Structures are given as C-alpha cells and as structure tokens.
Amino acid sequence: MKIIMLGAPGAGKGTQAKKIAAKYGIPHISTGDIFRANIKGGTELGMKAKSYMDQGQLVPDDVTIGMLLDRIAEADCKNGYVLDGFPRTIPQAESLTEALDKLGQKMDFAIDVDVPDESIINRMSGRRACLSCGATYHIVYNPTKVEGVCDACGQKLVLRDDDKPETVKKRLTVYHDQTQPLIDYYKKAGILKSVDGTQDLNKVFADIEAVLEA
Ligand code: AP5
Ligand code: ZN
C-alpha cells in the first residue's frame, strides 16, 4: 500500500503516518525527519536544508526530489510506504508520478488531513519533539508519561526551531501557495480522500482506517 499524507504544517500528518506505518507494517518516510536527522548529524545536506527550514521556506526541489526517490527505491519499500511531507510542490508530485510510472506502479491513496489555520498555531506551540527517535507529542493533546521526556526512548524533548509562531505563520503561507494545489492534483488523479483532522487523534485514525479498508 502506497500512501501520501497531505495537510498543513501541524495538521497531524506525522502523528497519523506513524500509526499507519505501525498498523500496516510499512515504512513511515518523513522528508522533514530526514532533513532534521541530517541537521543533527551535521551533514552537507543538513546544512543546506537548515537555512530554508529555519525561515519556514521549502528546501529546493532539486535537493528534495532526488533524496526522496532514492529513499523509496530502498528494499524496505517494496510492499509500500507512507509519505509524510512529500510531495509539497507540483514539480515534486509530477516527479513522483513519473518515477512510479516507469516502474509500472501507482500511488493508492492521498489522504488530506484537514485542519483550519486557526487551530494550527495552538498545536505547534504545544508540540514537543524527540530529535533522537522522531516521536512527537503535545503538552495537552498527547502528553508524555514524564513531562519533557520521550516515552519511546527516554531522551529530552524539544520545541522545534521552526515552531515559533512567526515561522509557523510563514509555513502556513508557503503551504497555501505551494502545497494546497496538490489537493486538486490528487483529486484529478482519483485518489484523494479527506479526513477531518480537528477531531481527537484516535478518531482521526479511525477515519483513516475506514478509508484504507473500504
Ligand atoms: P515537516 O517536518 O514535514 O513539517 P510540516 O509539514 O510543517 O509538518 P509538521 O511536522 O510540522 O506537522 P504534522 O502535520 O506532521 O503534525 P504533527 O503530527 O506533528 O517539514 C519541516 C520543514 O522541512 C518544512 O518547513 C520545509 O522547510 C522542509 N521540508 C520537508 N519536506 C519538504 C519537501 N517535500 N519539500 C521541501 N521542503 C521540505 O502534529 C502537530 C501537533 O499537534 C503535535 O504536537 C501533535 O501531538 C498534535 N496533534 C496531532 N493530531 C492532533 C489531534 N487530532 N488533536 C490535537 N492535537 C493533535
Ligand atoms: Zn524518542
């Protein structure tokens, strides 16, 4: 099963993608997580990505597309994957469609997690992330057992550099300009499914399961 998660920054794509990956036994591929791991590791790719991410801008397509296509060519992707944060521009979507065409494959679902902008800023300011294992929490909606400590790996949680309110606003503008057009792109492709992302996170997941198992 090949799935794309669409939705604004903070809509809950990562939260839901992790649940999908765990239930269906497919890898969760987050371009944001790949960039953050590279920043942490001090790689050249990380250095390049950081300057864009800190300003709420997209990392250029020429960097991102090759990286993602290499990742989905890896052995663990042969039974499918859930993409979180890619594609984010029309050229990224077209490159993905072309690459799959060449292999005689196609995307199965594009799931849009729909949350209005007003709810997003509130979610981001309460988000806490584990830079070691990639887990994400929320101080109110998805708290850890011990405050500030990752349930999964025991490391200290942080507020992401790009979750400051000014940067979140910029990311929302970029989302509406460059990423929202993908909703139409996948509607035309006949694989778009929308879920109401303002509900409790377990209810959102139940709606996604219903879509995937219909
Ligand atoms: P990325 O890491 O992909 O960030 P994003 O799309 O902005 O998405 P987020 O991770 O912020 O949010 P999410 O939707 O996953 O929400 P989450 O589940 O955490 O990208 C970061 C940057 O990298 C980009 O700005 C860009 O610079 C670069 N980049 C990445 N991919 C790129 C690409 N393809 N091309 C170019 N550049 C790229 O949830 C948010 C919070 O809400 C959490 O605290 C969570 O616990 C909580 N929550 C989740 N669901 C619910 C719910 N139902 N109710 C209440 N709270 C909830
Ligand atoms: Zn962790």
# chains A, B, ... in the order shown; residues from 1 in each chain; ligands from 1
$ select_by_dssp --residues "segment 6-209 of chain A" --states "alpha helix (DSSP H)" --output "MDAnalysis selection string"
chainID A and resid 13:24 31:40 44:53 61:72 90:102 117:126 165:174 181:188 201:209
$ write_last_selection --atoms "C-alpha atoms" --output "JSON list (two decimals), in the first residue's frame"
[["chain", "number", "residue", "atom", "x", "y", "z"],
["A", 13, "LYS", "CA", 0.32, 14.16, 9.26],
["A", 14, "GLY", "CA", 3.27, 12.81, 11.25],
["A", 15, "THR", "CA", 1.10, 11.60, 14.13],
["A", 16, "GLN", "CA", -1.20, 9.68, 11.77],
["A", 17, "ALA", "CA", 1.58, 8.46, 9.46],
["A", 18, "LYS", "CA", 3.30, 6.77, 12.42],
["A", 19, "LYS", "CA", 0.06, 4.98, 13.34],
["A", 20, "ILE", "CA", -0.48, 3.85, 9.73],
["A", 21, "ALA", "CA", 3.11, 2.59, 9.49],
["A", 22, "ALA", "CA", 2.76, 0.61, 12.72],
["A", 23, "LYS", "CA", -0.59, -0.94, 11.84],
["A", 24, "TYR", "CA", 0.16, -1.88, 8.22],
["A", 31, "THR", "CA", 11.20, 14.33, 4.45],
["A", 32, "GLY", "CA", 11.17, 16.71, 7.46],
["A", 33, "ASP", "CA", 12.58, 13.92, 9.70],
["A", 34, "ILE", "CA", 15.26, 13.09, 7.10],
["A", 35, "PHE", "CA", 16.30, 16.75, 6.97],
["A", 36, "ARG", "CA", 16.31, 17.05, 10.78],
["A", 37, "ALA", "CA", 18.45, 13.89, 11.10],
["A", 38, "ASN", "CA", 20.91, 15.42, 8.63],
["A", 39, "ILE", "CA", 20.97, 18.71, 10.53],
["A", 40, "LYS", "CA", 21.67, 16.83, 13.76],
["A", 44, "GLU", "CA", 26.17, 18.89, 3.93],
["A", 45, "LEU", "CA", 22.53, 18.13, 3.10],
["A", 46, "GLY", "CA", 21.55, 19.15, 6.63],
["A", 47, "MET", "CA", 23.44, 22.43, 6.41],
["A", 48, "LYS", "CA", 21.74, 23.26, 3.14],
["A", 49, "ALA", "CA", 18.26, 22.35, 4.42],
["A", 50, "LYS", "CA", 18.59, 24.22, 7.73],
["A", 51, "SER", "CA", 18.81, 27.68, 6.19],
["A", 52, "TYR", "CA", 15.47, 27.15, 4.44],
["A", 53, "MET", "CA", 13.70, 25.34, 7.27],
["A", 61, "ASP", "CA", 13.05, 20.69, -5.29],
["A", 62, "ASP", "CA", 16.41, 19.71, -6.82],
["A", 63, "VAL", "CA", 17.63, 18.65, -3.36],
["A", 64, "THR", "CA", 14.39, 17.09, -2.13],
["A", 65, "ILE", "CA", 13.19, 15.07, -5.12],
["A", 66, "GLY", "CA", 16.38, 13.04, -5.61],
["A", 67, "MET", "CA", 16.59, 12.33, -1.89],
["A", 68, "LEU", "CA", 13.01, 11.00, -1.75],
["A", 69, "LEU", "CA", 13.24, 8.93, -4.93],
["A", 70, "ASP", "CA", 16.41, 7.28, -3.58],
["A", 71, "ARG", "CA", 14.65, 6.51, -0.31],
["A", 72, "ILE", "CA", 11.62, 4.81, -1.89],
["A", 90, "ILE", "CA", 3.52, 20.32, -8.11],
["A", 91, "PRO", "CA", 7.00, 19.51, -9.58],
["A", 92, "GLN", "CA", 7.59, 17.10, -6.67],
["A", 93, "ALA", "CA", 4.23, 15.39, -7.34],
["A", 94, "GLU", "CA", 4.95, 15.14, -11.07],
["A", 95, "SER", "CA", 8.42, 13.65, -10.45],
["A", 96, "LEU", "CA", 6.91, 11.06, -8.12],
["A", 97, "THR", "CA", 4.16, 10.13, -10.60],
["A", 98, "GLU", "CA", 6.76, 9.80, -13.39],
["A", 99, "ALA", "CA", 9.10, 7.67, -11.28],
["A", 100, "LEU", "CA", 6.24, 5.32, -10.33],
["A", 101, "ASP", "CA", 5.01, 5.17, -13.95],
["A", 102, "LYS", "CA", 8.43, 3.99, -15.05],
["A", 117, "ASP", "CA", -5.27, 27.65, 10.18],
["A", 118, "GLU", "CA", -6.70, 28.92, 13.48],
["A", 119, "SER", "CA", -6.09, 25.56, 15.17],
["A", 120, "ILE", "CA", -2.60, 25.13, 13.79],
["A", 121, "ILE", "CA", -0.69, 27.77, 15.78],
["A", 122, "ASN", "CA", -2.08, 26.41, 19.04],
["A", 123, "ARG", "CA", -1.00, 22.89, 18.13],
["A", 124, "MET", "CA", 2.51, 23.88, 17.14],
["A", 125, "SER", "CA", 3.24, 25.88, 20.27],
["A", 126, "GLY", "CA", 2.31, 22.81, 22.36],
["A", 165, "PRO", "CA", 4.71, 31.47, 15.97],
["A", 166, "GLU", "CA", 6.30, 33.80, 13.33],
["A", 167, "THR", "CA", 7.83, 30.85, 11.50],
["A", 168, "VAL", "CA", 4.59, 28.85, 11.72],
["A", 169, "LYS", "CA", 2.74, 31.75, 10.05],
["A", 170, "LYS", "CA", 5.30, 31.78, 7.24],
["A", 171, "ARG", "CA", 4.98, 27.98, 6.83],
["A", 172, "LEU", "CA", 1.20, 28.34, 6.54],
["A", 173, "THR", "CA", 1.58, 30.93, 3.77],
["A", 174, "VAL", "CA", 4.01, 28.66, 1.93],
["A", 181, "PRO", "CA", -2.68, 22.86, -5.15],
["A", 182, "LEU", "CA", -1.77, 19.19, -4.65],
["A", 183, "ILE", "CA", -5.26, 18.55, -3.29],
["A", 184, "ASP", "CA", -6.62, 19.24, -6.76],
["A", 185, "TYR", "CA", -3.80, 17.31, -8.40],
["A", 186, "TYR", "CA", -4.69, 14.14, -6.47],
["A", 187, "LYS", "CA", -8.43, 14.76, -6.79],
["A", 188, "LYS", "CA", -7.95, 14.67, -10.56],
["A", 201, "LEU", "CA", -6.29, 11.89, 17.20],
["A", 202, "ASN", "CA", -7.69, 8.38, 17.71],
["A", 203, "LYS", "CA", -10.90, 9.36, 15.91],
["A", 204, "VAL", "CA", -8.86, 10.80, 13.02],
["A", 205, "PHE", "CA", -7.04, 7.46, 12.81],
["A", 206, "ALA", "CA", -10.32, 5.51, 12.83],
["A", 207, "ASP", "CA", -11.50, 7.61, 9.86],
["A", 208, "ILE", "CA", -8.23, 6.88, 8.03],
["A", 209, "GLU", "CA", -8.54, 3.14, 8.69]]
$ closest_atom_pairs --of "chain A" --to "ligand 2" --cutoff "8 Å" --atoms "only C-alpha atoms and all ligand atoms" --output "CSV"
residue,atom,partner,partner_atom_place_in_ligand_line,distance
A:Ala129,CA,ligand 2,1 (Zn),7.9
A:Cys130,CA,ligand 2,1 (Zn),4.6
A:Leu131,CA,ligand 2,1 (Zn),6.7
A:Ser132,CA,ligand 2,1 (Zn),5.2
A:Cys133,CA,ligand 2,1 (Zn),4.0
A:Gly134,CA,ligand 2,1 (Zn),6.0
A:Ala135,CA,ligand 2,1 (Zn),5.3
A:Val149,CA,ligand 2,1 (Zn),8.0
A:Cys150,CA,ligand 2,1 (Zn),4.7
A:Asp151,CA,ligand 2,1 (Zn),6.7
A:Ala152,CA,ligand 2,1 (Zn),5.0
A:Cys153,CA,ligand 2,1 (Zn),4.2
A:Gly154,CA,ligand 2,1 (Zn),6.1
A:Gln155,CA,ligand 2,1 (Zn),5.6
A:Lys156,CA,ligand 2,1 (Zn),7.8
A:Leu157,CA,ligand 2,1 (Zn),7.7
$ write_last_selection --atoms "C-alpha atoms" --output "short mmCIF file (atom, residue, chain, number, x, y, z; two decimals), in the first residue's frame"
data_model
loop_
_atom_site.label_atom_id
_atom_site.label_comp_id
_atom_site.auth_asym_id
_atom_site.auth_seq_id
_atom_site.Cartn_x
_atom_site.Cartn_y
_atom_site.Cartn_z
CA ALA A 129 9.55 16.59 19.54
CA CYS A 130 12.17 13.94 20.21
CA LEU A 131 15.14 14.58 17.95
CA SER A 132 16.55 11.13 18.77
CA CYS A 133 13.72 8.84 17.63
CA GLY A 134 11.37 11.25 15.83
CA ALA A 135 8.41 10.79 18.19
CA VAL A 149 10.92 13.06 28.37
CA CYS A 150 10.27 10.85 25.32
CA ASP A 151 8.09 7.81 26.18
CA ALA A 152 9.72 5.80 23.39
CA CYS A 153 13.43 6.36 24.04
CA GLY A 154 13.84 8.39 27.25
CA GLN A 155 15.57 11.37 25.63
CA LYS A 156 14.78 15.01 26.38
CA LEU A 157 12.05 16.63 24.25
#
$ closest_residue --among "A:Lys2, A:Lys78, A:Arg88, A:His28" --to "His176 of chain A" --atoms "only C-alpha atoms"
A:Arg88
$ select_by_dssp --residues "segment 37-155 of chain A" --states "strand (DSSP E)" --output "list in words"
Tyr81, Val82, Leu83, Asp84, Phe109, Ala110, Ile111, Asp112, Val113, Asp114, Arg127, Arg128, Ala129, Thr136, Tyr137 and His138 of chain A
$ residues_around --residues "Asp108 of chain A" --least-positions-apart "5" --cutoff "7 Å" --atoms "only C-alpha atoms" --output "PyMOL selection string"
chain A and resi 1-3+191
$ closest_residue --among "A:Leu192, A:Ala210, A:Val146, A:Ile26" --to "Asp76 of chain A" --atoms "only C-alpha atoms"
A:Ile26
